[in-house]
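Working notes, structure below.
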Amino acid sequence: MTESNTPPISFEDALQELQSIVTQLEEGDLSLEDSLTLYERGQALAKTCQQYLEEAHLRVETLTADGEIIEIE
């Protein structure tokens with residue numbers, strides 16, 4: 001999910017950090033540079049969350065294909 005030199009962030013932690021960033025940006029008390037830095041971090045976190053959701057969706061589809069549970073080996 002993240003760069004190989006950093007430990008992966010969980011979906012929950014990424015979402016929580018993303019929500020915090022949105023709140024900070026909405027308040028509008030930041031400099032332009034700080035706003036851009038937070039926006040870039042938010043974009044990376046949104047991408048991470050999207051990847052987690054896509055993986056979960058594929059797992060659910062695999063488990064519920066034709067109403068049957070499919071074992072993956």
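Each chain in the structure tokens gets a letter, A, B and so on, in the order shown; residues start at 1 in every chain, and ligands are counted from 1 in the order they appear.
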Skip A:Phe11 itself and residues of its chain fewer than 6 positions away, then list as a ChimeraX atom specification all residues within 9 Å of it, counting only C-alpha atoms. /A:48-49,52-53
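Interatomic distance, atom CA of A:Leu18 against atom CA of A:Gln43: 8.6 Å.
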Just give me the gap between atom CA of A:Val22 and atom CA of A:Tyr39 in Å, one decimal is fine. 8.4 Å
Mind giving me the straight-line distance from atom CA of A:Leu38 to atom CA of A:Glu26 in Å, one decimal? 11.4 Å
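Each of A:His57, A:Gly42, A:Gln50, A:Leu32 was checked against A:Gln19 using only C-alpha atoms; the smallest atom-to-atom distance is that of A:Gly42.
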